[in-house]
Structures are given as structure tokens and as C-alpha cells.
file upload-v8.txt (compact mmCIF, all heavy atoms)
# COMPACT_ATOMS: atom_id res chain seq x y z
N MET A 148 0.84 -1.18 0.00
CA MET A 148 0.00 0.00 0.00
C MET A 148 0.89 1.25 0.00
O MET A 148 1.85 1.32 0.74
CB MET A 148 -0.91 -0.02 1.23
CG MET A 148 -1.84 1.13 1.30
SD MET A 148 -2.93 0.87 2.72
CE MET A 148 -4.02 2.20 2.48
N ARG A 149 0.55 2.18 -0.85
CA ARG A 149 1.32 3.42 -0.98
C ARG A 149 1.03 4.39 0.16
O ARG A 149 -0.12 4.52 0.58
CB ARG A 149 0.90 4.09 -2.27
CG ARG A 149 2.02 4.33 -3.21
CD ARG A 149 1.52 4.90 -4.49
NE ARG A 149 2.32 6.08 -4.75
CZ ARG A 149 2.19 6.84 -5.78
NH1 ARG A 149 1.25 6.59 -6.66
NH2 ARG A 149 2.97 7.86 -5.96
N PRO A 150 2.04 5.10 0.67
CA PRO A 150 1.79 6.11 1.71
C PRO A 150 0.89 7.22 1.16
O PRO A 150 0.88 7.48 -0.05
CB PRO A 150 3.17 6.67 2.04
CG PRO A 150 4.14 5.70 1.48
CD PRO A 150 3.46 4.99 0.36
N PRO A 151 0.14 7.89 2.04
CA PRO A 151 -0.71 8.99 1.59
C PRO A 151 0.11 10.09 0.90
O PRO A 151 1.31 10.25 1.15
CB PRO A 151 -1.33 9.52 2.88
CG PRO A 151 -1.20 8.40 3.85
CD PRO A 151 0.03 7.64 3.46
N LEU A 152 -0.56 10.85 0.05
CA LEU A 152 0.10 11.91 -0.72
C LEU A 152 0.83 12.89 0.20
O LEU A 152 1.98 13.27 -0.08
CB LEU A 152 -0.92 12.65 -1.58
CG LEU A 152 -0.38 13.84 -2.37
CD1 LEU A 152 0.71 13.40 -3.34
CD2 LEU A 152 -1.50 14.55 -3.11
N ALA A 153 0.21 13.31 1.28
CA ALA A 153 0.86 14.27 2.18
C ALA A 153 2.17 13.71 2.72
O ALA A 153 3.17 14.43 2.84
CB ALA A 153 -0.08 14.66 3.32
N ASP A 154 2.18 12.43 3.06
CA ASP A 154 3.41 11.80 3.56
C ASP A 154 4.49 11.78 2.48
O ASP A 154 5.66 12.03 2.76
CB ASP A 154 3.13 10.38 4.03
CG ASP A 154 2.25 10.32 5.26
OD1 ASP A 154 1.92 11.39 5.81
OD2 ASP A 154 1.88 9.20 5.66
N ARG A 155 4.09 11.46 1.26
CA ARG A 155 5.07 11.43 0.17
C ARG A 155 5.64 12.82 -0.10
O ARG A 155 6.85 12.97 -0.31
CB ARG A 155 4.43 10.84 -1.09
CG ARG A 155 4.06 9.38 -0.95
CD ARG A 155 3.72 8.71 -2.27
NE ARG A 155 2.85 9.44 -3.15
CZ ARG A 155 1.53 9.33 -3.18
NH1 ARG A 155 0.91 8.51 -2.34
NH2 ARG A 155 0.81 10.01 -4.04
N LEU A 156 4.80 13.83 -0.08
CA LEU A 156 5.28 15.19 -0.32
C LEU A 156 6.20 15.66 0.80
O LEU A 156 7.23 16.29 0.54
CB LEU A 156 4.09 16.15 -0.47
CG LEU A 156 3.23 15.94 -1.71
CD1 LEU A 156 2.00 16.84 -1.65
CD2 LEU A 156 4.02 16.16 -2.98
N ALA A 157 5.85 15.36 2.04
CA ALA A 157 6.70 15.75 3.17
C ALA A 157 8.05 15.03 3.11
O ALA A 157 9.10 15.63 3.35
CB ALA A 157 6.00 15.46 4.49
N ALA A 158 8.03 13.76 2.77
CA ALA A 158 9.27 12.99 2.68
C ALA A 158 10.19 13.57 1.62
O ALA A 158 11.41 13.65 1.81
CB ALA A 158 8.97 11.52 2.39
N ARG A 159 9.61 14.01 0.52
CA ARG A 159 10.41 14.60 -0.55
C ARG A 159 11.13 15.86 -0.06
O ARG A 159 12.30 16.07 -0.37
CB ARG A 159 9.51 14.92 -1.74
CG ARG A 159 10.28 15.45 -2.93
CD ARG A 159 9.40 15.62 -4.13
NE ARG A 159 8.31 16.55 -3.85
CZ ARG A 159 7.33 16.81 -4.68
NH1 ARG A 159 7.25 16.19 -5.83
NH2 ARG A 159 6.40 17.66 -4.36
N LEU A 160 10.47 16.66 0.75
CA LEU A 160 11.10 17.87 1.28
C LEU A 160 12.23 17.55 2.25
O LEU A 160 13.23 18.25 2.30
CB LEU A 160 10.05 18.74 1.99
CG LEU A 160 8.98 19.34 1.09
CD1 LEU A 160 7.92 20.03 1.93
CD2 LEU A 160 9.58 20.30 0.08
N LEU A 161 12.07 16.48 3.01
CA LEU A 161 13.08 16.13 4.01
C LEU A 161 14.30 15.44 3.42
O LEU A 161 15.33 15.35 4.07
CB LEU A 161 12.46 15.26 5.10
CG LEU A 161 11.45 15.98 6.01
CD1 LEU A 161 10.82 14.99 6.97
CD2 LEU A 161 12.10 17.13 6.75
N ARG A 162 14.21 14.96 2.19
CA ARG A 162 15.37 14.29 1.57
C ARG A 162 16.58 15.20 1.48
O ARG A 162 17.71 14.73 1.56
CB ARG A 162 15.01 13.78 0.18
CG ARG A 162 14.37 12.44 0.20
CD ARG A 162 14.21 11.88 -1.21
NE ARG A 162 12.84 11.44 -1.31
CZ ARG A 162 12.02 11.68 -2.29
NH1 ARG A 162 12.41 12.35 -3.35
NH2 ARG A 162 10.78 11.25 -2.28
N ALA A 163 16.35 16.50 1.32
CA ALA A 163 17.45 17.45 1.17
C ALA A 163 18.08 17.83 2.51
O ALA A 163 19.08 18.54 2.54
CB ALA A 163 16.95 18.70 0.47
N VAL A 164 17.51 17.36 3.61
CA VAL A 164 17.98 17.73 4.95
C VAL A 164 18.74 16.56 5.55
O VAL A 164 18.31 15.40 5.44
CB VAL A 164 16.77 18.11 5.83
CG1 VAL A 164 17.21 18.53 7.21
CG2 VAL A 164 15.95 19.21 5.18
N ASP A 165 19.84 16.85 6.22
CA ASP A 165 20.63 15.77 6.82
C ASP A 165 19.90 15.15 8.01
O ASP A 165 19.00 15.75 8.59
CB ASP A 165 22.02 16.27 7.23
CG ASP A 165 21.95 17.32 8.31
OD1 ASP A 165 21.92 16.95 9.50
OD2 ASP A 165 21.92 18.52 7.96
N ASP A 166 20.28 13.94 8.35
CA ASP A 166 19.60 13.17 9.40
C ASP A 166 19.60 13.90 10.74
O ASP A 166 18.60 13.86 11.46
CB ASP A 166 20.24 11.79 9.56
CG ASP A 166 19.94 10.87 8.40
OD1 ASP A 166 19.03 11.19 7.60
OD2 ASP A 166 20.61 9.84 8.28
N ALA A 167 20.69 14.55 11.11
CA ALA A 167 20.77 15.24 12.39
C ALA A 167 19.74 16.37 12.46
O ALA A 167 19.11 16.59 13.50
CB ALA A 167 22.17 15.79 12.63
N THR A 168 19.55 17.07 11.34
CA THR A 168 18.57 18.16 11.31
C THR A 168 17.15 17.62 11.38
O THR A 168 16.30 18.18 12.08
CB THR A 168 18.77 19.02 10.04
OG1 THR A 168 20.11 19.51 10.04
CG2 THR A 168 17.80 20.17 9.99
N VAL A 169 16.89 16.52 10.69
CA VAL A 169 15.57 15.89 10.77
C VAL A 169 15.29 15.44 12.20
O VAL A 169 14.21 15.68 12.74
CB VAL A 169 15.45 14.70 9.79
CG1 VAL A 169 14.16 13.93 10.02
CG2 VAL A 169 15.51 15.19 8.35
N ASP A 170 16.28 14.83 12.84
CA ASP A 170 16.12 14.40 14.23
C ASP A 170 15.84 15.59 15.14
O ASP A 170 14.98 15.52 16.02
CB ASP A 170 17.36 13.65 14.72
CG ASP A 170 17.48 12.27 14.10
OD1 ASP A 170 16.48 11.76 13.55
OD2 ASP A 170 18.59 11.70 14.16
N ALA A 171 16.56 16.69 14.94
CA ALA A 171 16.35 17.89 15.76
C ALA A 171 14.95 18.47 15.53
O ALA A 171 14.28 18.90 16.47
CB ALA A 171 17.41 18.94 15.44
N LEU A 172 14.49 18.46 14.29
CA LEU A 172 13.15 18.95 13.97
C LEU A 172 12.09 18.10 14.66
O LEU A 172 11.16 18.62 15.29
CB LEU A 172 12.94 18.95 12.46
CG LEU A 172 11.54 19.31 11.97
CD1 LEU A 172 11.18 20.73 12.37
CD2 LEU A 172 11.46 19.14 10.46
N LEU A 173 12.22 16.79 14.55
CA LEU A 173 11.24 15.90 15.18
C LEU A 173 11.24 16.05 16.69
O LEU A 173 10.18 16.05 17.33
CB LEU A 173 11.51 14.45 14.78
CG LEU A 173 11.28 14.14 13.30
CD1 LEU A 173 11.69 12.71 12.98
CD2 LEU A 173 9.83 14.40 12.90
N THR A 174 12.41 16.23 17.28
CA THR A 174 12.51 16.45 18.72
C THR A 174 11.82 17.76 19.11
O THR A 174 11.08 17.81 20.09
CB THR A 174 13.98 16.46 19.17
OG1 THR A 174 14.54 15.16 18.89
CG2 THR A 174 14.12 16.75 20.65
N ALA A 175 12.05 18.80 18.33
CA ALA A 175 11.44 20.10 18.61
C ALA A 175 9.92 20.06 18.50
O ALA A 175 9.22 20.82 19.17
CB ALA A 175 12.01 21.16 17.67
N LEU A 176 9.40 19.18 17.67
CA LEU A 176 7.95 19.08 17.47
C LEU A 176 7.25 18.19 18.49
O LEU A 176 6.02 18.16 18.55
CB LEU A 176 7.66 18.58 16.06
CG LEU A 176 7.99 19.56 14.94
CD1 LEU A 176 7.84 18.89 13.59
CD2 LEU A 176 7.12 20.80 15.03
N GLU A 177 8.02 17.48 19.31
CA GLU A 177 7.40 16.56 20.27
C GLU A 177 6.48 17.27 21.27
O GLU A 177 5.36 16.84 21.50
CB GLU A 177 8.46 15.76 21.02
CG GLU A 177 9.07 14.67 20.18
CD GLU A 177 10.12 13.88 20.93
OE1 GLU A 177 10.06 13.80 22.17
OE2 GLU A 177 11.02 13.34 20.25
N LEU A 178 6.94 18.38 21.87
CA LEU A 178 6.13 19.07 22.87
C LEU A 178 4.86 19.67 22.27
O LEU A 178 3.77 19.44 22.80
CB LEU A 178 6.95 20.13 23.60
CG LEU A 178 6.20 20.90 24.68
CD1 LEU A 178 5.66 19.96 25.76
CD2 LEU A 178 7.11 21.95 25.30
N PRO A 179 4.96 20.44 21.17
CA PRO A 179 3.70 20.95 20.61
C PRO A 179 2.74 19.84 20.16
O PRO A 179 1.52 19.96 20.30
CB PRO A 179 4.12 21.82 19.44
CG PRO A 179 5.58 21.72 19.31
CD PRO A 179 6.11 20.95 20.46
N THR A 180 3.29 18.75 19.67
CA THR A 180 2.45 17.62 19.27
C THR A 180 1.73 17.05 20.47
O THR A 180 0.52 16.79 20.43
CB THR A 180 3.30 16.53 18.59
OG1 THR A 180 3.93 17.08 17.43
CG2 THR A 180 2.47 15.32 18.21
N ARG A 181 2.45 16.87 21.54
CA ARG A 181 1.85 16.34 22.78
C ARG A 181 0.76 17.27 23.28
O ARG A 181 -0.31 16.84 23.72
CB ARG A 181 2.95 16.17 23.84
CG ARG A 181 2.51 15.65 25.16
CD ARG A 181 1.78 14.31 25.19
NE ARG A 181 2.34 13.30 24.33
CZ ARG A 181 1.64 12.30 23.79
NH1 ARG A 181 0.36 12.17 24.03
NH2 ARG A 181 2.20 11.43 23.01
N ARG A 182 0.99 18.59 23.20
CA ARG A 182 -0.02 19.55 23.66
C ARG A 182 -1.30 19.46 22.83
O ARG A 182 -2.40 19.55 23.37
CB ARG A 182 0.55 20.96 23.64
CG ARG A 182 1.55 21.18 24.75
CD ARG A 182 2.07 22.58 24.76
NE ARG A 182 2.95 22.77 25.90
CZ ARG A 182 3.78 23.78 26.02
NH1 ARG A 182 3.84 24.71 25.09
NH2 ARG A 182 4.55 23.89 27.09
N VAL A 183 -1.16 19.31 21.53
CA VAL A 183 -2.34 19.16 20.67
C VAL A 183 -3.08 17.88 21.03
O VAL A 183 -4.31 17.88 21.17
CB VAL A 183 -1.95 19.18 19.17
CG1 VAL A 183 -3.11 18.75 18.30
CG2 VAL A 183 -1.44 20.55 18.77
N LEU A 184 -2.35 16.80 21.20
CA LEU A 184 -2.99 15.52 21.54
C LEU A 184 -3.66 15.60 22.91
O LEU A 184 -4.79 15.12 23.09
CB LEU A 184 -1.97 14.39 21.51
CG LEU A 184 -1.44 14.02 20.12
CD1 LEU A 184 -0.32 13.02 20.24
CD2 LEU A 184 -2.55 13.51 19.23
N ASP A 185 -2.99 16.21 23.88
CA ASP A 185 -3.55 16.32 25.23
C ASP A 185 -4.80 17.21 25.26
O ASP A 185 -5.68 17.01 26.08
CB ASP A 185 -2.51 16.85 26.21
CG ASP A 185 -1.41 15.83 26.50
OD1 ASP A 185 -1.57 14.65 26.14
OD2 ASP A 185 -0.38 16.23 27.08
N ALA A 186 -4.86 18.20 24.38
CA ALA A 186 -6.02 19.09 24.31
C ALA A 186 -7.22 18.42 23.64
O ALA A 186 -8.33 18.96 23.68
CB ALA A 186 -5.65 20.37 23.57
N LYS A 187 -6.99 17.28 23.04
CA LYS A 187 -8.05 16.50 22.38
C LYS A 187 -8.78 17.30 21.31
O LYS A 187 -9.98 17.15 21.12
CB LYS A 187 -9.02 15.94 23.42
CG LYS A 187 -8.31 15.04 24.43
CD LYS A 187 -9.27 14.18 25.18
CE LYS A 187 -8.64 13.39 26.28
NZ LYS A 187 -7.42 12.73 26.05
N VAL A 188 -8.04 18.14 20.61
CA VAL A 188 -8.63 18.89 19.49
C VAL A 188 -8.56 18.10 18.19
O VAL A 188 -9.18 18.46 17.20
CB VAL A 188 -7.96 20.28 19.30
CG1 VAL A 188 -8.23 21.15 20.50
CG2 VAL A 188 -6.49 20.15 19.02
N LEU A 189 -7.81 17.03 18.20
CA LEU A 189 -7.70 16.16 17.04
C LEU A 189 -8.29 14.81 17.42
O LEU A 189 -7.83 14.17 18.38
CB LEU A 189 -6.23 16.00 16.65
CG LEU A 189 -5.91 15.21 15.42
CD1 LEU A 189 -6.56 15.84 14.19
CD2 LEU A 189 -4.41 15.13 15.21
N THR A 190 -9.31 14.41 16.70
CA THR A 190 -9.98 13.16 17.03
C THR A 190 -9.45 12.03 16.14
O THR A 190 -8.87 12.26 15.09
CB THR A 190 -11.50 13.29 16.83
OG1 THR A 190 -11.76 13.64 15.47
CG2 THR A 190 -12.07 14.35 17.75
N PHE A 191 -9.68 10.82 16.57
CA PHE A 191 -9.30 9.63 15.82
C PHE A 191 -10.50 8.73 15.70
O PHE A 191 -11.12 8.43 16.73
CB PHE A 191 -8.14 8.91 16.53
CG PHE A 191 -6.93 9.78 16.68
CD1 PHE A 191 -6.70 10.46 17.87
CD2 PHE A 191 -6.05 9.94 15.64
CE1 PHE A 191 -5.59 11.28 17.99
CE2 PHE A 191 -4.94 10.76 15.76
CZ PHE A 191 -4.71 11.42 16.95
N PRO A 192 -10.89 8.33 14.50
CA PRO A 192 -10.30 8.70 13.22
C PRO A 192 -10.59 10.16 12.91
O PRO A 192 -11.46 10.78 13.51
CB PRO A 192 -10.98 7.78 12.21
CG PRO A 192 -12.26 7.37 12.86
CD PRO A 192 -12.03 7.43 14.34
N ASN A 193 -9.86 10.69 11.93
CA ASN A 193 -10.00 12.09 11.56
C ASN A 193 -10.01 12.22 10.04
O ASN A 193 -9.62 11.31 9.33
CB ASN A 193 -8.88 12.93 12.19
CG ASN A 193 -7.52 12.36 11.87
OD1 ASN A 193 -7.07 12.39 10.74
ND2 ASN A 193 -6.86 11.79 12.88
N PRO A 194 -10.46 13.39 9.55
CA PRO A 194 -10.59 13.55 8.09
C PRO A 194 -9.28 13.53 7.33
O PRO A 194 -9.28 13.31 6.12
CB PRO A 194 -11.29 14.90 7.92
CG PRO A 194 -11.55 15.44 9.26
CD PRO A 194 -10.98 14.51 10.28
N ILE A 195 -8.16 13.77 8.00
CA ILE A 195 -6.88 13.78 7.27
C ILE A 195 -6.18 12.42 7.29
O ILE A 195 -5.12 12.26 6.73
CB ILE A 195 -5.94 14.89 7.80
CG1 ILE A 195 -5.61 14.69 9.28
CG2 ILE A 195 -6.51 16.24 7.53
CD1 ILE A 195 -4.57 15.67 9.82
N GLY A 196 -6.80 11.46 7.96
CA GLY A 196 -6.26 10.10 7.95
C GLY A 196 -5.08 9.91 8.87
O GLY A 196 -4.37 8.91 8.77
N LEU A 197 -4.86 10.83 9.80
CA LEU A 197 -3.75 10.70 10.74
C LEU A 197 -4.08 9.61 11.74
O LEU A 197 -5.14 9.61 12.37
CB LEU A 197 -3.55 12.03 11.48
CG LEU A 197 -2.35 12.13 12.38
CD1 LEU A 197 -1.06 12.05 11.55
CD2 LEU A 197 -2.39 13.44 13.14
N PRO A 198 -3.18 8.63 11.89
CA PRO A 198 -3.46 7.54 12.82
C PRO A 198 -3.27 8.01 14.26
O PRO A 198 -2.53 8.98 14.52
CB PRO A 198 -2.42 6.49 12.45
CG PRO A 198 -1.29 7.26 11.88
CD PRO A 198 -1.91 8.45 11.19
N PRO A 199 -3.90 7.34 15.21
CA PRO A 199 -3.68 7.70 16.60
C PRO A 199 -2.24 7.41 17.00
O PRO A 199 -1.59 6.55 16.40
CB PRO A 199 -4.65 6.81 17.38
CG PRO A 199 -5.02 5.72 16.45
CD PRO A 199 -4.82 6.23 15.05
N PRO A 200 -1.73 8.15 17.97
CA PRO A 200 -0.34 7.90 18.39
C PRO A 200 -0.22 6.50 18.99
O PRO A 200 -1.17 6.00 19.62
CB PRO A 200 -0.08 8.97 19.44
CG PRO A 200 -1.42 9.40 19.90
CD PRO A 200 -2.37 9.16 18.76
N SER A 201 0.91 5.90 18.78
CA SER A 201 1.13 4.58 19.37
C SER A 201 1.51 4.76 20.84
O SER A 201 2.08 5.77 21.22
CB SER A 201 2.24 3.83 18.63
OG SER A 201 3.44 4.56 18.69
N ALA A 202 1.16 3.80 21.64
CA ALA A 202 1.52 3.86 23.06
C ALA A 202 2.99 3.47 23.19
O ALA A 202 3.37 2.36 22.86
CB ALA A 202 0.63 2.93 23.86
N ASN A 203 3.79 4.40 23.65
CA ASN A 203 5.23 4.12 23.83
C ASN A 203 5.55 3.96 25.27
O ASN A 203 5.15 4.57 26.13
CB ASN A 203 6.09 5.23 23.22
CG ASN A 203 5.96 5.28 21.72
OD1 ASN A 203 5.41 4.40 21.09
ND2 ASN A 203 6.50 6.33 21.14

call {"tool": "encode", "arguments": {"input": "upload-v8.txt", "output": "C-alpha cells"}}
result
Amino acid sequence: MRPPLADRLAARLLRAVDDATVDALLTALELPTRRVLDAKVLTFPNPIGLPPPSAN
């Protein structure tokens, strides 16, 4: 199964960025992501097809 279009487009943009920068970006996005999830403003399932976070 092919990844969704948004995922493919985002991956294309990140190809030009080195791994350390991608890791730093993902780390920087962890707190705001957690805040959005904790506020329950994004439901699952949702219209954009974003899967629920996995339990880590």
C-alpha cells in the first residue's frame, strides 16, 4: 500500500535535509504535538487520515 500523498510530499522535502537536522526537527515538534494531543482537538479517526499515536 502506498503512503498517503501528504506523507510522500513531506518525505520529498526532508530528503534534502541531513539526518541530524531531521532528528532535531522531530525532537522540537514533540512538545507541541503532545499539547495538541492532550487538548483532544484532534480526534481519531480524523478527516486527514492521521493515525492515533502509538503507546510508547

call {"tool": "residues_around", "arguments": {"input": "upload-v8.txt", "residues": "Asp154 (chain A)", "least_positions_apart": "4", "cutoff": "12 Å", "atoms": "only C-alpha atoms", "output": "PDB file with all heavy atoms, in the coordinates of the input"}}
result
ATOM      1  N   ARG A 149       0.550   2.180  -0.850  1.00  0.00           N
ATOM      2  CA  ARG A 149       1.320   3.420  -0.980  1.00  0.00           C
ATOM      3  C   ARG A 149       1.030   4.390   0.160  1.00  0.00           C
ATOM      4  O   ARG A 149      -0.120   4.520   0.580  1.00  0.00           O
ATOM      5  CB  ARG A 149       0.900   4.090  -2.270  1.00  0.00           C
ATOM      6  CG  ARG A 149       2.020   4.330  -3.210  1.00  0.00           C
ATOM      7  CD  ARG A 149       1.520   4.900  -4.490  1.00  0.00           C
ATOM      8  NE  ARG A 149       2.320   6.080  -4.750  1.00  0.00           N
ATOM      9  CZ  ARG A 149       2.190   6.840  -5.780  1.00  0.00           C
ATOM     10  NH1 ARG A 149       1.250   6.590  -6.660  1.00  0.00           N
ATOM     11  NH2 ARG A 149       2.970   7.860  -5.960  1.00  0.00           N
ATOM     12  N   PRO A 150       2.040   5.100   0.670  1.00  0.00           N
ATOM     13  CA  PRO A 150       1.790   6.110   1.710  1.00  0.00           C
ATOM     14  C   PRO A 150       0.890   7.220   1.160  1.00  0.00           C
ATOM     15  O   PRO A 150       0.880   7.480  -0.050  1.00  0.00           O
ATOM     16  CB  PRO A 150       3.170   6.670   2.040  1.00  0.00           C
ATOM     17  CG  PRO A 150       4.140   5.700   1.480  1.00  0.00           C
ATOM     18  CD  PRO A 150       3.460   4.990   0.360  1.00  0.00           C
ATOM     19  N   ALA A 158       8.030  13.760   2.770  1.00  0.00           N
ATOM     20  CA  ALA A 158       9.270  12.990   2.680  1.00  0.00           C
ATOM     21  C   ALA A 158      10.190  13.570   1.620  1.00  0.00           C
ATOM     22  O   ALA A 158      11.410  13.650   1.810  1.00  0.00           O
ATOM     23  CB  ALA A 158       8.970  11.520   2.390  1.00  0.00           C
ATOM     24  N   ARG A 159       9.610  14.010   0.520  1.00  0.00           N
ATOM     25  CA  ARG A 159      10.410  14.600  -0.550  1.00  0.00           C
ATOM     26  C   ARG A 159      11.130  15.860  -0.060  1.00  0.00           C
ATOM     27  O   ARG A 159      12.300  16.070  -0.370  1.00  0.00           O
ATOM     28  CB  ARG A 159       9.510  14.920  -1.740  1.00  0.00           C
ATOM     29  CG  ARG A 159      10.280  15.450  -2.930  1.00  0.00           C
ATOM     30  CD  ARG A 159       9.400  15.620  -4.130  1.00  0.00           C
ATOM     31  NE  ARG A 159       8.310  16.550  -3.850  1.00  0.00           N
ATOM     32  CZ  ARG A 159       7.330  16.810  -4.680  1.00  0.00           C
ATOM     33  NH1 ARG A 159       7.250  16.190  -5.830  1.00  0.00           N
ATOM     34  NH2 ARG A 159       6.400  17.660  -4.360  1.00  0.00           N
ATOM     35  N   LEU A 160      10.470  16.660   0.750  1.00  0.00           N
ATOM     36  CA  LEU A 160      11.100  17.870   1.280  1.00  0.00           C
ATOM     37  C   LEU A 160      12.230  17.550   2.250  1.00  0.00           C
ATOM     38  O   LEU A 160      13.230  18.250   2.300  1.00  0.00           O
ATOM     39  CB  LEU A 160      10.050  18.740   1.990  1.00  0.00           C
ATOM     40  CG  LEU A 160       8.980  19.340   1.090  1.00  0.00           C
ATOM     41  CD1 LEU A 160       7.920  20.030   1.930  1.00  0.00           C
ATOM     42  CD2 LEU A 160       9.580  20.300   0.080  1.00  0.00           C
ATOM     43  N   LEU A 161      12.070  16.480   3.010  1.00  0.00           N
ATOM     44  CA  LEU A 161      13.080  16.130   4.010  1.00  0.00           C
ATOM     45  C   LEU A 161      14.300  15.440   3.420  1.00  0.00           C
ATOM     46  O   LEU A 161      15.330  15.350   4.070  1.00  0.00           O
ATOM     47  CB  LEU A 161      12.460  15.260   5.100  1.00  0.00           C
ATOM     48  CG  LEU A 161      11.450  15.980   6.010  1.00  0.00           C
ATOM     49  CD1 LEU A 161      10.820  14.990   6.970  1.00  0.00           C
ATOM     50  CD2 LEU A 161      12.100  17.130   6.750  1.00  0.00           C
ATOM     51  N   ILE A 195      -8.160  13.770   8.000  1.00  0.00           N
ATOM     52  CA  ILE A 195      -6.880  13.780   7.270  1.00  0.00           C
ATOM     53  C   ILE A 195      -6.180  12.420   7.290  1.00  0.00           C
ATOM     54  O   ILE A 195      -5.120  12.260   6.730  1.00  0.00           O
ATOM     55  CB  ILE A 195      -5.940  14.890   7.800  1.00  0.00           C
ATOM     56  CG1 ILE A 195      -5.610  14.690   9.280  1.00  0.00           C
ATOM     57  CG2 ILE A 195      -6.510  16.240   7.530  1.00  0.00           C
ATOM     58  CD1 ILE A 195      -4.570  15.670   9.820  1.00  0.00           C
ATOM     59  N   GLY A 196      -6.800  11.460   7.960  1.00  0.00           N
ATOM     60  CA  GLY A 196      -6.260  10.100   7.950  1.00  0.00           C
ATOM     61  C   GLY A 196      -5.080   9.910   8.870  1.00  0.00           C
ATOM     62  O   GLY A 196      -4.370   8.910   8.770  1.00  0.00           O
ATOM     63  N   LEU A 197      -4.860  10.830   9.800  1.00  0.00           N
ATOM     64  CA  LEU A 197      -3.750  10.700  10.740  1.00  0.00           C
ATOM     65  C   LEU A 197      -4.080   9.610  11.740  1.00  0.00           C
ATOM     66  O   LEU A 197      -5.140   9.610  12.370  1.00  0.00           O
ATOM     67  CB  LEU A 197      -3.550  12.030  11.480  1.00  0.00           C
ATOM     68  CG  LEU A 197      -2.350  12.130  12.380  1.00  0.00           C
ATOM     69  CD1 LEU A 197      -1.060  12.050  11.550  1.00  0.00           C
ATOM     70  CD2 LEU A 197      -2.390  13.440  13.140  1.00  0.00           C
TER      71      LEU A 197
END

call {"tool": "atom_distance", "arguments": {"input": "upload-v8.txt", "atom1": "CA of Pro199 (chain A)", "atom2": "CA of Thr180 (chain A)"}}
result
12.0 Å

call {"tool": "atom_distance", "arguments": {"input": "upload-v8.txt", "atom1": "atom O of Leu152 (chain A)", "atom2": "CD2 of Leu173 (chain A)"}}
result
15.2 Å

call {"tool": "select_by_dssp", "arguments": {"input": "upload-v8.txt", "residues": "chain A", "states": "helix (DSSP H, G or I)", "output": "number ranges by chain"}}
result
A: 152-161, 166-186

call {"tool": "atom_distance", "arguments": {"input": "upload-v8.txt", "atom1": "CA of Lys187 (chain A)", "atom2": "CA of Thr168 (chain A)"}}
result
28.9 Å

call {"tool": "axis_aligned_box", "arguments": {"input": "upload-v8.txt", "around": "region 151-169 of chain A", "padding_each_side": "3 Å", "output": "AutoDock Vina command-line options"}}
result
--center_x 10.3 --center_y 14.0 --center_z 3.8 --size_x 29.7 --size_y 18.7 --size_z 25.3

call {"tool": "decode", "arguments": {"input": "upload-v8.txt", "residues": "region 168-180 of chain A", "atoms": "N, CA and C atoms", "output": "compact mmCIF listing (two decimals), in the first residue's frame"}}
result
# COMPACT_ATOMS: atom_id res chain seq x y z
N THR A 168 19.55 17.07 11.34
CA THR A 168 18.57 18.16 11.31
C THR A 168 17.15 17.62 11.38
N VAL A 169 16.89 16.52 10.69
CA VAL A 169 15.57 15.89 10.77
C VAL A 169 15.29 15.44 12.20
N ASP A 170 16.28 14.83 12.84
CA ASP A 170 16.12 14.40 14.23
C ASP A 170 15.84 15.59 15.14
N ALA A 171 16.56 16.69 14.94
CA ALA A 171 16.35 17.89 15.76
C ALA A 171 14.95 18.47 15.53
N LEU A 172 14.49 18.46 14.29
CA LEU A 172 13.15 18.95 13.97
C LEU A 172 12.09 18.10 14.66
N LEU A 173 12.22 16.79 14.55
CA LEU A 173 11.24 15.90 15.18
C LEU A 173 11.24 16.05 16.69
N THR A 174 12.41 16.23 17.28
CA THR A 174 12.51 16.45 18.72
C THR A 174 11.82 17.76 19.11
N ALA A 175 12.05 18.80 18.33
CA ALA A 175 11.44 20.10 18.61
C ALA A 175 9.92 20.06 18.50
N LEU A 176 9.40 19.18 17.67
CA LEU A 176 7.95 19.08 17.47
C LEU A 176 7.25 18.19 18.49
N GLU A 177 8.02 17.48 19.31
CA GLU A 177 7.40 16.56 20.27
C GLU A 177 6.48 17.27 21.27
N LEU A 178 6.94 18.38 21.87
CA LEU A 178 6.13 19.07 22.87
C LEU A 178 4.86 19.67 22.27
N PRO A 179 4.96 20.44 21.17
CA PRO A 179 3.70 20.95 20.61
C PRO A 179 2.74 19.84 20.16
N THR A 180 3.29 18.75 19.67
CA THR A 180 2.45 17.62 19.27
C THR A 180 1.73 17.05 20.47
